[in-house]
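Enquirer: Input file: final-v7.cif. Contents: mmCIF, C-alpha atoms.
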data_structure
loop_
_atom_site.label_atom_id
_atom_site.label_comp_id
_atom_site.auth_asym_id
_atom_site.auth_seq_id
_atom_site.Cartn_x
_atom_site.Cartn_y
_atom_site.Cartn_z
CA MET A 1 -100.17 -208.05 -85.64
CA ALA A 2 -103.39 -206.02 -85.73
CA THR A 3 -102.93 -202.28 -86.11
CA PHE A 4 -103.34 -200.73 -82.66
CA ARG A 5 -105.33 -197.52 -82.86
CA LEU A 6 -104.64 -195.08 -80.05
CA PRO A 7 -107.07 -192.25 -79.21
CA ASN A 8 -106.13 -189.04 -81.00
CA VAL A 9 -105.05 -187.08 -77.95
CA LEU A 10 -102.43 -189.64 -77.05
CA ASN A 11 -101.18 -189.64 -80.61
CA GLU A 12 -100.68 -185.90 -80.44
CA VAL A 13 -98.79 -186.18 -77.17
CA ILE A 14 -96.51 -188.83 -78.61
CA HIS A 15 -95.95 -186.77 -81.72
CA ALA A 16 -95.12 -183.69 -79.70
CA HIS A 17 -92.46 -185.55 -77.73
CA LYS A 18 -91.29 -187.68 -80.64
CA ASN A 19 -87.89 -186.14 -81.08
CA GLN A 20 -87.21 -185.96 -77.38
CA LEU A 21 -87.22 -189.72 -77.18
CA ILE A 22 -84.15 -189.92 -79.36
CA ARG A 23 -80.94 -189.92 -77.40
CA PRO A 24 -78.58 -187.17 -78.63
CA ILE A 25 -75.55 -188.51 -80.43
CA LYS A 26 -72.16 -187.75 -78.93
CA PRO A 27 -69.37 -186.49 -81.15
CA LYS A 28 -66.58 -188.94 -81.87
CA ASN A 29 -63.22 -187.41 -80.99
CA GLY A 30 -60.87 -187.88 -83.89
CA VAL A 31 -63.44 -188.19 -86.66
CA ASN A 32 -62.88 -185.11 -88.83
CA SER A 33 -61.88 -182.99 -85.84
CA PHE A 34 -59.94 -183.51 -82.62
CA VAL A 35 -60.54 -181.83 -79.27
CA PHE A 36 -57.60 -182.18 -76.89
CA PRO A 37 -58.85 -184.07 -73.81
CA CYS A 38 -56.80 -182.30 -71.13
CA ARG A 39 -58.19 -178.82 -70.50
CA LYS A 40 -56.51 -177.61 -67.32
CA ILE A 41 -53.43 -178.39 -65.22
CA VAL A 42 -53.02 -176.88 -61.74
CA PHE A 43 -49.68 -176.81 -59.89
CA ASN A 44 -50.11 -176.58 -56.11
CA TYR A 45 -46.89 -176.03 -54.17
CA CYS A 46 -45.56 -174.50 -50.96
CA GLU A 47 -43.02 -171.69 -51.06
CA ARG A 48 -41.13 -172.77 -47.97
CA SER A 49 -41.37 -176.52 -47.45
CA GLY A 50 -38.68 -178.95 -48.57
CA SER A 51 -40.95 -181.35 -50.44
CA SER A 52 -41.76 -178.59 -52.93
CA LYS A 53 -38.15 -177.94 -53.97
CA ALA A 54 -38.33 -180.08 -57.10
CA ILE A 55 -41.57 -178.61 -58.32
CA LEU A 56 -40.30 -175.08 -57.69
CA GLU A 57 -37.36 -175.81 -59.94
CA TYR A 58 -39.72 -177.13 -62.58
CA LEU A 59 -41.88 -174.02 -62.32
CA ARG A 60 -38.86 -171.78 -62.71
CA LYS A 61 -37.39 -173.65 -65.67
CA ASP A 62 -39.94 -175.60 -67.73
CA ALA A 63 -43.46 -174.55 -66.78
CA ILE A 64 -43.66 -171.51 -69.04
CA GLN A 65 -42.31 -173.44 -72.01
CA PHE A 66 -44.84 -176.19 -71.32
CA ALA A 67 -47.67 -173.64 -71.29
CA LYS A 68 -46.41 -172.12 -74.55
CA ASN A 69 -46.22 -175.51 -76.24
CA ASN A 70 -49.75 -176.38 -75.12
CA PRO A 71 -51.99 -173.37 -75.73
CA GLN A 72 -55.06 -175.56 -75.49
CA ILE A 73 -54.36 -176.35 -71.83
CA GLU A 74 -55.10 -173.82 -69.12
CA VAL A 75 -52.04 -173.85 -66.84
CA ILE A 76 -52.61 -172.53 -63.33
CA VAL A 77 -49.92 -172.06 -60.69
CA GLN A 78 -51.40 -171.79 -57.23
CA PRO A 79 -49.45 -171.67 -53.95
CA ARG A 80 -50.84 -173.94 -51.24
CA PRO A 81 -48.89 -173.14 -48.08
CA SER A 82 -47.79 -175.85 -45.65
CA ARG A 83 -48.96 -178.70 -47.88
CA HIS A 84 -47.21 -181.20 -50.09
CA PRO A 85 -46.99 -180.30 -53.78
CA VAL A 86 -49.72 -181.69 -56.01
CA ILE A 87 -50.27 -181.52 -59.77
CA ARG A 88 -53.94 -181.71 -60.76
CA ALA A 89 -55.25 -182.26 -64.27
CA PHE A 90 -58.82 -181.65 -65.41
CA TYR A 91 -60.25 -183.27 -68.52
CA VAL A 92 -62.94 -182.41 -71.02
CA ASN A 93 -65.15 -185.33 -69.96
CA GLY A 94 -65.48 -183.88 -66.45
CA LYS A 95 -62.98 -186.20 -64.75
CA HIS A 96 -59.80 -185.15 -62.99
CA LYS A 97 -56.55 -186.72 -61.87
CA GLU A 98 -54.14 -185.71 -59.12
CA LYS A 99 -50.52 -186.67 -58.54
CA CYS A 100 -48.67 -185.77 -55.36
CA VAL A 101 -45.09 -184.99 -56.36
CA ARG A 102 -43.51 -184.71 -52.92
CA LYS A 103 -41.16 -187.63 -53.63
CA CYS A 104 -40.40 -186.78 -57.26
CA SER A 105 -37.01 -185.48 -58.26
CA ALA A 106 -36.59 -182.56 -60.64
CA ASP A 107 -36.17 -184.93 -63.60
CA GLU A 108 -39.33 -186.90 -62.89
CA ILE A 109 -41.74 -183.97 -62.74
CA PRO A 110 -41.79 -183.20 -66.49
CA GLU A 111 -42.65 -186.86 -67.08
CA VAL A 112 -45.52 -186.66 -64.57
CA VAL A 113 -46.85 -183.56 -66.28
CA LYS A 114 -46.56 -185.23 -69.68
CA SER A 115 -48.43 -188.34 -68.53
CA LEU A 116 -51.21 -186.24 -67.03
CA ARG A 117 -51.43 -184.20 -70.20
CA ASP A 118 -51.62 -187.24 -72.45
CA HIS A 119 -54.32 -188.99 -70.42
CA SER A 120 -57.75 -189.10 -72.00
CA GLY A 121 -59.68 -188.58 -68.78
CA HIS A 122 -61.52 -191.89 -68.99
CA ARG A 123 -61.01 -194.29 -66.11
CA LEU A 124 -58.68 -197.21 -66.68
CA GLN A 125 -60.87 -200.22 -67.29
CA ARG A 126 -60.61 -203.70 -68.66
CA TRP A 127 -62.19 -203.85 -72.12
CA LYS A 128 -63.97 -207.03 -73.10
CA GLN A 129 -64.54 -205.80 -76.64
CA TYR A 130 -61.37 -204.41 -78.17
CA VAL A 131 -63.07 -202.91 -81.20
CA ILE A 132 -66.25 -200.88 -80.77
CA SER A 133 -67.81 -199.71 -84.00
CA ASP A 134 -71.06 -198.52 -85.48
CA THR A 135 -70.19 -200.37 -88.68
CA PRO A 136 -68.63 -203.60 -87.52
CA SER A 137 -68.04 -205.27 -90.86
CA VAL A 138 -67.45 -203.73 -94.25
CA ARG A 139 -69.22 -206.46 -96.19
CA GLY A 140 -71.88 -207.09 -93.59
CA ILE A 141 -72.32 -209.95 -91.18
CA TYR A 142 -72.67 -213.33 -92.90
CA SER A 143 -76.17 -214.56 -93.50
CA PRO A 144 -76.95 -217.89 -95.16
CA PHE A 145 -80.03 -216.35 -96.76
CA HIS A 146 -78.03 -213.93 -98.87
CA VAL A 147 -75.72 -216.33 -100.64
CA LYS A 148 -76.08 -217.56 -104.20
CA GLU A 149 -77.19 -221.13 -103.89
CA VAL A 150 -74.07 -223.10 -104.58
CA HIS A 151 -74.90 -226.31 -102.68
CA GLN A 152 -78.41 -227.66 -102.77
CA ILE A 153 -79.73 -230.79 -101.14
CA THR A 154 -82.35 -232.23 -103.51
CA ASP A 155 -83.95 -235.53 -104.41
CA GLN A 156 -82.63 -235.32 -107.94
CA LYS A 157 -79.47 -237.06 -108.90
CA PRO A 158 -76.71 -234.92 -110.43
CA GLN A 159 -76.88 -234.84 -114.21
CA LYS A 160 -73.88 -236.25 -116.00
CA MET B 161 -41.50 -165.35 -55.76
CA PHE B 162 -44.48 -165.41 -58.09
CA SER B 163 -46.74 -162.37 -58.09
CA THR B 164 -50.44 -162.97 -58.39
CA LYS B 165 -50.92 -161.65 -61.91
CA SER B 166 -51.70 -163.43 -65.13
CA PHE B 167 -48.98 -163.60 -67.74
CA SER B 168 -50.50 -161.11 -70.12
CA ARG B 169 -47.27 -160.43 -71.95
CA PHE B 170 -47.67 -163.69 -73.83
CA GLY B 171 -50.97 -162.42 -75.20
CA ARG B 172 -53.56 -165.00 -75.99
CA ALA B 173 -51.13 -167.58 -77.23
CA THR B 174 -50.48 -168.90 -73.74
CA ALA B 175 -53.04 -169.66 -71.10
CA LEU B 176 -50.98 -169.44 -67.92
CA ALA B 177 -52.28 -167.86 -64.76
CA LEU B 178 -51.17 -167.37 -61.18
CA GLU B 179 -53.76 -167.55 -58.48
CA ASN B 180 -54.01 -166.59 -54.86
CA PRO B 181 -52.76 -169.09 -52.26
CA VAL B 182 -55.35 -171.61 -51.10
CA ARG B 183 -55.73 -173.99 -48.20
CA HIS B 184 -58.22 -176.39 -49.77
CA MET B 185 -57.60 -178.06 -53.10
CA ALA B 186 -61.12 -177.59 -54.41
CA SER B 187 -61.06 -173.83 -54.48
CA THR B 188 -59.63 -173.06 -57.90
CA ALA B 189 -61.37 -170.40 -59.93
CA SER B 190 -63.25 -172.20 -62.65
CA THR B 191 -63.30 -169.41 -65.19
CA GLY B 192 -60.96 -166.59 -66.09
CA PRO B 193 -59.33 -165.10 -69.17
CA THR B 194 -57.06 -168.15 -69.42
CA SER B 195 -59.95 -170.62 -69.73
CA TYR B 196 -61.33 -168.80 -72.75
CA ALA B 197 -57.90 -168.56 -74.40
CA ALA B 198 -57.46 -172.30 -73.86
CA LEU B 199 -60.92 -173.02 -75.28
CA GLU B 200 -60.11 -171.01 -78.40
CA ALA B 201 -56.86 -172.90 -78.91
CA ARG B 202 -58.55 -176.25 -78.32
CA LEU B 203 -60.96 -175.51 -81.17
CA ASN B 204 -58.32 -173.94 -83.43
CA ILE B 205 -60.05 -170.59 -83.50
CA LYS B 206 -58.28 -167.22 -83.36
CA PHE B 207 -60.74 -164.46 -82.67
CA LYS B 208 -59.68 -160.95 -83.62
CA ASP B 209 -61.82 -159.64 -80.76
CA ILE B 210 -60.24 -160.89 -77.54
CA GLY B 211 -63.29 -160.76 -75.30
CA LEU B 212 -65.49 -162.60 -77.76
CA MET B 213 -65.06 -166.12 -76.37
CA GLU B 214 -65.95 -164.90 -72.90
CA ARG B 215 -69.10 -163.38 -74.34
CA VAL B 216 -69.96 -166.62 -76.12
CA CYS B 217 -69.81 -168.49 -72.81
CA THR B 218 -71.90 -165.97 -70.87
CA HIS B 219 -75.61 -166.65 -70.72
CA LYS B 220 -78.06 -163.84 -70.08
CA SER B 221 -79.04 -165.39 -66.73
CA PHE B 222 -75.57 -164.62 -65.35
CA GLU B 223 -75.60 -161.51 -63.14
CA GLN B 224 -79.13 -160.63 -64.26
CA GLY B 225 -77.94 -159.83 -67.78
CA ARG B 226 -75.76 -156.92 -66.76
CA LEU B 227 -72.68 -158.30 -68.53
CA PRO B 228 -72.53 -158.70 -72.34
CA SER B 229 -74.19 -162.01 -73.08
CA ASN B 230 -74.43 -164.44 -75.96
CA ASP B 231 -78.12 -164.04 -76.83
CA ARG B 232 -77.63 -161.97 -79.99
CA LEU B 233 -74.71 -164.12 -81.08
CA SER B 234 -76.80 -167.25 -80.59
CA TRP B 235 -79.65 -165.73 -82.64
CA LEU B 236 -77.31 -165.16 -85.56
CA GLY B 237 -75.45 -168.41 -85.04
CA LYS B 238 -78.63 -170.50 -85.01
CA ARG B 239 -79.54 -169.21 -88.46
CA ALA B 240 -76.02 -169.66 -89.86
CA LEU B 241 -75.76 -173.17 -88.39
CA ASN B 242 -79.17 -174.21 -89.72
CA LEU B 243 -78.25 -172.89 -93.16
CA TYR B 244 -75.10 -175.00 -93.41
CA VAL B 245 -76.80 -178.03 -91.89
CA GLY B 246 -79.78 -177.56 -94.20
CA GLU B 247 -77.79 -177.42 -97.41
CA TYR B 248 -75.84 -180.49 -96.30
CA LEU B 249 -78.95 -182.52 -95.44
CA GLN B 250 -80.74 -181.47 -98.61
CA LEU B 251 -77.94 -182.84 -100.77
CA LYS B 252 -77.33 -185.91 -98.63
CA TYR B 253 -80.90 -187.20 -98.42
CA PRO B 254 -82.52 -186.57 -101.79
CA ASN B 255 -85.73 -188.47 -101.10
CA LEU B 256 -86.79 -186.96 -97.79
CA VAL B 257 -89.89 -184.82 -97.46
CA PRO B 258 -89.28 -181.29 -96.03
CA GLU B 259 -91.16 -182.13 -92.84
CA THR B 260 -88.81 -185.06 -92.25
CA LEU B 261 -85.75 -182.97 -93.13
CA GLN B 262 -86.90 -180.57 -90.43
CA ASP B 263 -87.28 -183.44 -87.98
CA VAL B 264 -83.83 -184.82 -88.84
CA GLN B 265 -82.30 -181.39 -88.36
CA HIS B 266 -84.09 -180.92 -85.04
CA ALA B 267 -83.11 -184.35 -83.75
CA ASN B 268 -79.46 -184.23 -84.78
CA PHE B 269 -78.62 -180.52 -84.72
CA GLY B 270 -81.16 -179.13 -82.28
CA ILE B 271 -80.39 -177.74 -78.86
CA THR B 272 -80.19 -181.12 -77.12
CA SER B 273 -77.68 -182.45 -79.63
CA LEU B 274 -75.67 -179.24 -79.59
CA ALA B 275 -75.44 -179.55 -75.80
CA GLU B 276 -73.55 -182.82 -76.32
CA VAL B 277 -71.24 -181.00 -78.72
CA ALA B 278 -70.65 -178.32 -76.08
CA ARG B 279 -69.78 -180.95 -73.48
CA HIS B 280 -67.39 -182.52 -75.98
CA PHE B 281 -65.67 -179.14 -76.45
CA GLY B 282 -65.33 -178.78 -72.68
CA MET B 283 -67.58 -175.73 -72.44
CA GLN B 284 -69.58 -176.93 -69.45
CA PRO B 285 -67.13 -175.95 -66.68
CA VAL B 286 -66.44 -172.66 -68.45
CA MET B 287 -70.03 -171.50 -68.93
CA ARG B 288 -71.24 -168.55 -66.93
CA TRP B 289 -74.92 -168.89 -66.18
CA LYS B 290 -77.38 -169.22 -63.35
CA SER B 291 -80.20 -171.69 -62.92
CA VAL B 292 -83.79 -170.57 -62.38
CA SER B 293 -84.11 -172.17 -58.94
CA LYS B 294 -81.60 -172.43 -56.12
CA ASP B 295 -82.69 -175.96 -55.22
CA ALA B 296 -82.06 -177.30 -58.73
CA PRO B 297 -78.84 -175.68 -59.87
CA LYS B 298 -78.52 -177.77 -63.03
CA VAL B 299 -81.97 -177.23 -64.50
CA GLY B 300 -81.62 -175.52 -67.85
CA LEU B 301 -78.01 -176.55 -68.43
CA THR B 302 -78.78 -178.39 -71.66
CA LYS B 303 -80.50 -175.40 -73.20
CA VAL B 304 -77.73 -173.03 -72.08
CA LEU B 305 -75.04 -175.30 -73.53
CA GLY B 306 -76.94 -175.71 -76.81
CA LYS B 307 -77.35 -171.97 -77.16
CA SER B 308 -73.68 -171.42 -76.43
CA VAL B 309 -72.69 -173.62 -79.38
CA GLN B 310 -75.04 -171.58 -81.57
CA ALA B 311 -73.42 -168.45 -80.15
CA LEU B 312 -69.99 -169.86 -80.97
CA VAL B 313 -70.99 -170.35 -84.59
CA GLY B 314 -72.42 -166.85 -84.63
CA ALA B 315 -69.23 -165.43 -83.15
CA ILE B 316 -67.07 -167.13 -85.80
CA TYR B 317 -69.44 -165.88 -88.48
CA GLN B 318 -69.22 -162.33 -87.18
CA ASP B 319 -65.51 -162.32 -86.46
CA GLN B 320 -64.08 -164.37 -89.31
CA GLY B 321 -66.70 -164.56 -92.01
CA ALA B 322 -69.07 -167.07 -93.51
CA GLN B 323 -66.43 -169.36 -95.02
CA MET B 324 -64.70 -170.01 -91.69
CA ALA B 325 -68.03 -170.51 -89.95
CA LYS B 326 -69.05 -173.06 -92.57
CA GLN B 327 -65.72 -174.89 -92.19
CA PHE B 328 -66.11 -174.97 -88.42
CA VAL B 329 -69.66 -176.29 -88.59
CA HIS B 330 -68.68 -179.00 -91.06
CA GLN B 331 -65.61 -180.08 -89.14
CA HIS B 332 -66.87 -180.09 -85.58
CA ILE B 333 -70.63 -180.45 -85.75
CA ILE B 334 -71.77 -182.13 -88.95
CA GLN B 335 -69.07 -184.61 -89.89
CA SER B 336 -67.81 -185.65 -86.48
CA ARG B 337 -71.01 -187.51 -85.62
CA PRO B 338 -73.23 -190.03 -87.39
CA ILE B 339 -76.61 -188.66 -88.45
CA GLU B 340 -79.66 -190.67 -87.34
CA VAL B 341 -82.40 -190.72 -89.91
CA GLU B 342 -84.13 -194.05 -89.52
CA ASN B 343 -85.46 -193.33 -86.05
CA VAL B 344 -86.80 -189.97 -87.17
CA VAL B 345 -88.63 -190.93 -90.34
CA GLU B 346 -92.25 -191.43 -89.38
CA LEU B 347 -93.75 -194.59 -90.80
CA LYS B 348 -97.10 -195.09 -89.12
CA ASN B 349 -98.78 -197.40 -91.64
CA PRO B 350 -95.96 -198.79 -93.72
CA LYS B 351 -98.03 -201.11 -95.92
CA VAL B 352 -100.46 -198.34 -96.87
CA MET B 353 -97.60 -195.88 -97.40
CA LEU B 354 -95.71 -198.36 -99.57
CA ARG B 355 -98.71 -198.96 -101.77
CA ALA B 356 -99.15 -195.22 -102.25
CA LEU B 357 -95.45 -194.67 -102.91
CA MET B 358 -95.27 -197.39 -105.54
CA LYS B 359 -98.36 -196.03 -107.28
CA GLN B 360 -96.70 -192.61 -107.28
CA LYS B 361 -93.61 -194.09 -108.93
CA ASN B 362 -95.68 -195.91 -111.56
CA MET B 363 -94.60 -199.31 -110.31
CA GLU B 364 -96.80 -202.38 -110.08
CA PRO B 365 -98.66 -202.69 -106.76
CA PRO B 366 -96.63 -204.39 -104.01
CA VAL B 367 -96.87 -208.15 -103.59
CA ALA B 368 -95.41 -209.93 -100.56
CA ARG B 369 -93.82 -213.34 -101.06
CA ILE B 370 -92.18 -215.70 -98.61
CA LEU B 371 -88.46 -216.02 -99.36
CA LYS B 372 -87.45 -218.37 -96.56
CA GLU B 373 -89.26 -219.92 -93.66
CA THR B 374 -88.57 -222.26 -90.83
CA GLY B 375 -90.49 -223.76 -87.93
CA ARG B 376 -93.94 -222.83 -89.19
CA PHE B 377 -95.96 -224.84 -86.66
CA THR B 378 -93.54 -224.57 -83.77
CA SER B 379 -93.34 -222.05 -80.95
CA SER B 380 -90.58 -220.06 -82.62
CA PRO B 381 -91.10 -219.75 -86.36
CA VAL B 382 -89.02 -217.46 -88.55
CA PHE B 383 -90.37 -216.08 -91.80
CA ILE B 384 -88.41 -214.00 -94.26
CA VAL B 385 -90.72 -212.08 -96.54
CA GLY B 386 -89.87 -209.93 -99.53
CA VAL B 387 -92.05 -207.20 -100.98
CA PHE B 388 -91.93 -207.13 -104.77
CA GLY B 389 -92.87 -204.50 -107.33
CA GLY B 390 -93.28 -206.66 -110.38
CA SER B 391 -90.21 -208.90 -110.49
CA ARG B 392 -87.98 -206.56 -108.54
CA MET B 393 -87.62 -206.96 -104.78
CA VAL B 394 -88.16 -203.67 -103.03
CA GLY B 395 -87.84 -204.59 -99.37
CA MET B 396 -87.20 -207.56 -97.11
CA GLY B 397 -88.24 -208.30 -93.57
CA TYR B 398 -88.17 -211.03 -90.95
CA GLY B 399 -90.72 -211.96 -88.32
CA SER B 400 -92.16 -214.68 -86.17
CA SER B 401 -95.47 -214.30 -87.99
CA LEU B 402 -96.24 -213.69 -91.64
CA LYS B 403 -97.98 -210.41 -90.85
CA MET B 404 -95.01 -209.14 -88.82
CA ALA B 405 -92.56 -210.13 -91.52
CA GLU B 406 -94.65 -208.35 -94.16
CA TYR B 407 -94.83 -205.26 -91.93
CA ARG B 408 -91.08 -205.18 -91.55
CA ALA B 409 -90.59 -205.75 -95.27
CA ALA B 410 -92.79 -202.78 -96.08
CA LYS B 411 -90.92 -200.66 -93.54
CA ASP B 412 -87.59 -201.74 -95.01
CA ALA B 413 -88.77 -200.78 -98.50
CA LEU B 414 -89.84 -197.34 -97.32
CA LEU B 415 -86.60 -196.73 -95.45
CA LYS B 416 -84.56 -197.77 -98.47
CA HIS B 417 -86.37 -195.09 -100.42
CA TYR B 418 -86.67 -192.25 -97.94
CA ALA B 419 -83.50 -192.66 -95.92
CA LYS B 420 -81.36 -193.14 -99.00
CA GLU B 421 -78.18 -191.16 -98.48
CA ILE B 422 -75.61 -190.06 -101.00
CA LYS B 423 -72.10 -190.79 -99.79
CA ASP B 424 -69.96 -188.15 -101.52
CA ILE B 425 -71.62 -184.79 -101.88
CA GLU B 426 -70.24 -181.50 -103.11
CA ILE B 427 -71.83 -178.38 -101.77
CA GLU B 428 -71.81 -175.65 -104.36
CA GLY B 429 -72.17 -171.98 -103.88
CA ASP B 430 -69.09 -171.39 -101.75
CA ASP B 431 -67.97 -167.80 -101.52
CA ALA B 432 -64.54 -168.62 -102.89
CA ASP B 433 -66.02 -169.65 -106.26
CA VAL B 434 -68.23 -166.61 -106.68
CA THR B 435 -66.62 -163.67 -108.40
CA PHE B 436 -67.90 -160.68 -110.32
CA ILE B 437 -64.66 -160.04 -112.15
CA PRO B 438 -65.15 -160.77 -115.86
CA GLN B 439 -63.10 -163.64 -117.26
CA SER B 440 -61.03 -161.30 -119.47
CA GLU B 441 -59.76 -159.46 -116.43
CA ILE B 442 -58.81 -162.71 -114.74
CA ASP B 443 -56.94 -163.84 -117.83
CA GLY B 444 -55.13 -160.51 -117.94
CA VAL B 445 -56.06 -159.80 -121.58
CA SER B 446 -56.95 -156.17 -121.06
CA ALA B 447 -55.60 -153.95 -118.30
CA ARG B 448 -58.13 -151.39 -117.13
CA THR B 449 -58.43 -148.97 -114.27
CA TYR B 450 -61.81 -148.49 -112.61
CA ASN B 451 -62.61 -145.11 -111.14
#
Is it possible to express this structure as structure tokens?
Expert:
Amino acid sequence: MATFRLPNVLNEVIHAHKNQLIRPIKPKNGVNSFVFPCRKIVFNYCERSGSSKAILEYLRKDAIQFAKNNPQIEVIVQPRPSRHPVIRAFYVNGKHKEKCVRKCSADEIPEVVKSLRDHSGHRLQRWKQYVISDTPSVRGIYSPFHVKEVHQITDQKPQK
Amino acid sequence: MFSTKSFSRFGRATALALENPVRHMASTASTGPTSYAALEARLNIKFKDIGLMERVCTHKSFEQGRLPSNDRLSWLGKRALNLYVGEYLQLKYPNLVPETLQDVQHANFGITSLAEVARHFGMQPVMRWKSVSKDAPKVGLTKVLGKSVQALVGAIYQDQGAQMAKQFVHQHIIQSRPIEVENVVELKNPKVMLRALMKQKNMEPPVARILKETGRFTSSPVFIVGVFGGSRMVGMGYGSSLKMAEYRAAKDALLKHYAKEIKDIEIEGDDADVTFIPQSEIDGVSARTYN
């Protein structure tokens, strides 16, 4: 391949933008430090309607303890009159999840809150590759060129 | 039943807030004192100054700079961050030239990279800033996010001291991501550079030899070429032509030298080790009072 000489001006332009061509590397959650994925949970309820009875009981009993146990989550209680109760969770990757709890009993609501809290925020998808890694194999991928020659096909007969 | 006040009696330990009734689901206030308390807890920081996190997340463009903003904190934080990153890179890559160290730092710990760190922390919905133009409300977000991470480091430095700032930088910024060096090292003429490098190291001039080959006169040959300094192989490369394989071998040799990284490094000069108390006092041999 002959060395391709570009005119100097173009070289300077490329050099000036050299580092901008590199895609910034994203932090890996869990390597050396962990950032909790759920950042905010909003409880929308109605003061008067019947479907909100269970969530009102939850808010009276368990909500404050939940907020105390999870200081990293912003817990917001927001009345939404004449609507069914909804619990919304917002995640660090920009995604959000909602669960309407109109049919939930008082026992089920803490489980809903827990499942929303424990969600990572990424959409549920079918993975084709179960292990994704920058360093796939500790000893490197096998290459026939890097093995000590144990078997050789030659013209010579084996010496006795 | 609930009054519309935030639960301040829990202090900063709890981020619970009550908001005004809404009709539409989308209208929830995106920032408030609770979001900053939650951000602090998410990053395991406990600022002595309560309003500091809010200041870190406020860019000067917000409200025409009338509110306290993060520009001074980001000035200090940039220098603290670059110091800790610099001493780490200097120990980790012993063969890199200062210009390349600067490039590596810029590529991996510059504003663009720090913006990714800010997104990872969840600072984007919490930032208070304003774009230059109304039509493009997101222009400038990367720079604002990058500066806010610098401001965060500066705030920790100011509030909790150098040791905590260094710990934070190492935990969340340096060691939670892989560092890219090979794309940053500039190797314009690898064969010429290799020859010069080997002369500098008093090695024999480089000689390229074919190690393996296949399909020489076909449409898809593969050559594996090694570059040798004397009898020692310095680099190896593949290619569909001999010239390309030699080029890659030279590049491989240069990368092995320049991008060599040391796996376990110990950074010396931590504050905890430095003391001006003489050893006799520490041992408790003589008890003295200083006036």
Enquirer: Written as a ChimeraX atom specification, what is the full residue list that the PyMOL selection byres ((chain A and resi 133-143) around 12) yields on the file shown?
Expert: /A:28,129-132,144-148 /B:337-340
Enquirer: Compile a residue-level contact table for chain A against chain B at a cut-off of 9 Å, reporting for every qualifying residue the shortest atom pair and its distance in Å to one decimal, with only C-alpha atoms counted, rows ordered by chain and ascending number, as a tab-separated table.
Expert:
residue	atom	partner	partner_atom	distance
A:Met1	CA	B:Lys403	CA	6.1
A:Ala2	CA	B:Lys403	CA	8.6
A:Thr3	CA	B:Asn349	CA	8.5
A:Lys18	CA	B:Val344	CA	8.2
A:Asn19	CA	B:Ala267	CA	5.8
A:Gln20	CA	B:Ala267	CA	7.7
A:Ile22	CA	B:Ala267	CA	7.2
A:Arg23	CA	B:Ser273	CA	8.4
A:Pro24	CA	B:Ser273	CA	4.9
A:Ile25	CA	B:Ser273	CA	6.5
A:Lys26	CA	B:Glu276	CA	5.7
A:Pro27	CA	B:Arg337	CA	4.9
A:Lys28	CA	B:Ser336	CA	5.8
A:Asn29	CA	B:Ser336	CA	7.4
A:Gly30	CA	B:Ser336	CA	7.7
A:Val31	CA	B:Ser336	CA	5.1
A:Asn32	CA	B:Ser336	CA	5.5
A:Ser33	CA	B:Gln331	CA	5.8
A:Phe34	CA	B:Leu203	CA	8.2
A:Val35	CA	B:Arg202	CA	6.0
A:Phe36	CA	B:Arg202	CA	6.2
A:Pro37	CA	B:Gly282	CA	8.4
A:Arg39	CA	B:Ala198	CA	7.4
A:Lys40	CA	B:Ser195	CA	8.2
A:Val42	CA	B:Thr188	CA	8.5
A:Asn44	CA	B:Met185	CA	8.2
A:Glu47	CA	B:Met161	CA	8.0
A:Ile64	CA	B:Leu176	CA	7.7
A:Ala67	CA	B:Thr174	CA	6.0
A:Lys68	CA	B:Thr174	CA	5.3
A:Asn69	CA	B:Thr174	CA	8.3
A:Asn70	CA	B:Thr174	CA	7.6
A:Pro71	CA	B:Thr174	CA	5.1
A:Gln72	CA	B:Ala198	CA	4.4
A:Ile73	CA	B:Ala198	CA	5.5
A:Glu74	CA	B:Ala175	CA	5.0
A:Val75	CA	B:Leu176	CA	4.7
A:Ile76	CA	B:Ala177	CA	4.9
A:Val77	CA	B:Leu178	CA	4.9
A:Gln78	CA	B:Glu179	CA	5.0
A:Pro79	CA	B:Pro181	CA	4.5
A:Arg80	CA	B:Val182	CA	5.1
A:Pro81	CA	B:Arg183	CA	6.9
A:Ser82	CA	B:Arg183	CA	8.5
A:Arg83	CA	B:Arg183	CA	8.3
A:Tyr91	CA	B:Gly282	CA	8.0
A:Val92	CA	B:Gly282	CA	4.7
A:Asn93	CA	B:His280	CA	7.0
A:Gly94	CA	B:Gly282	CA	8.1
A:Asp134	CA	B:Pro338	CA	9.0
A:Phe145	CA	B:Lys372	CA	7.7
Enquirer: With the file shown as input, list the residues that the PyMOL selection byres ((chain B and resi 398) around 7) selects, as an MDAnalysis selection string.
Expert: chainID B and resid 382:385 397 399 405 408
Enquirer: Would you mind telling me which residue in A:Cys38, A:Val101, A:Ile109, A:Cys46 lies nearest to His122 in chain A when using all atoms listed in the file?
Expert: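 That would be A:Cys38, the residue with the smallest distance to His122 in chain A.
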Enquirer: From the set B:Lys420, B:Gly321, B:Thr302, B:Lys307, which residue has the shortest atom-to-atom contact distance to Tyr253 in chain B, counting only C-alpha atoms?
Expert: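 Comparing B:Lys420, B:Gly321, B:Thr302, B:Lys307 against Tyr253 in chain B, the winner is B:Lys420.
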Enquirer: For this file, the PyMOL selection byres ((chain B and resi 221) around 8) selects which residues, as a list in words?
Expert: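 Selection result, ordered by chain and number: His219, Lys220, Phe222, Glu223, Gln224, Gly225, Trp289, Lys290 and Ser291 of chain B.
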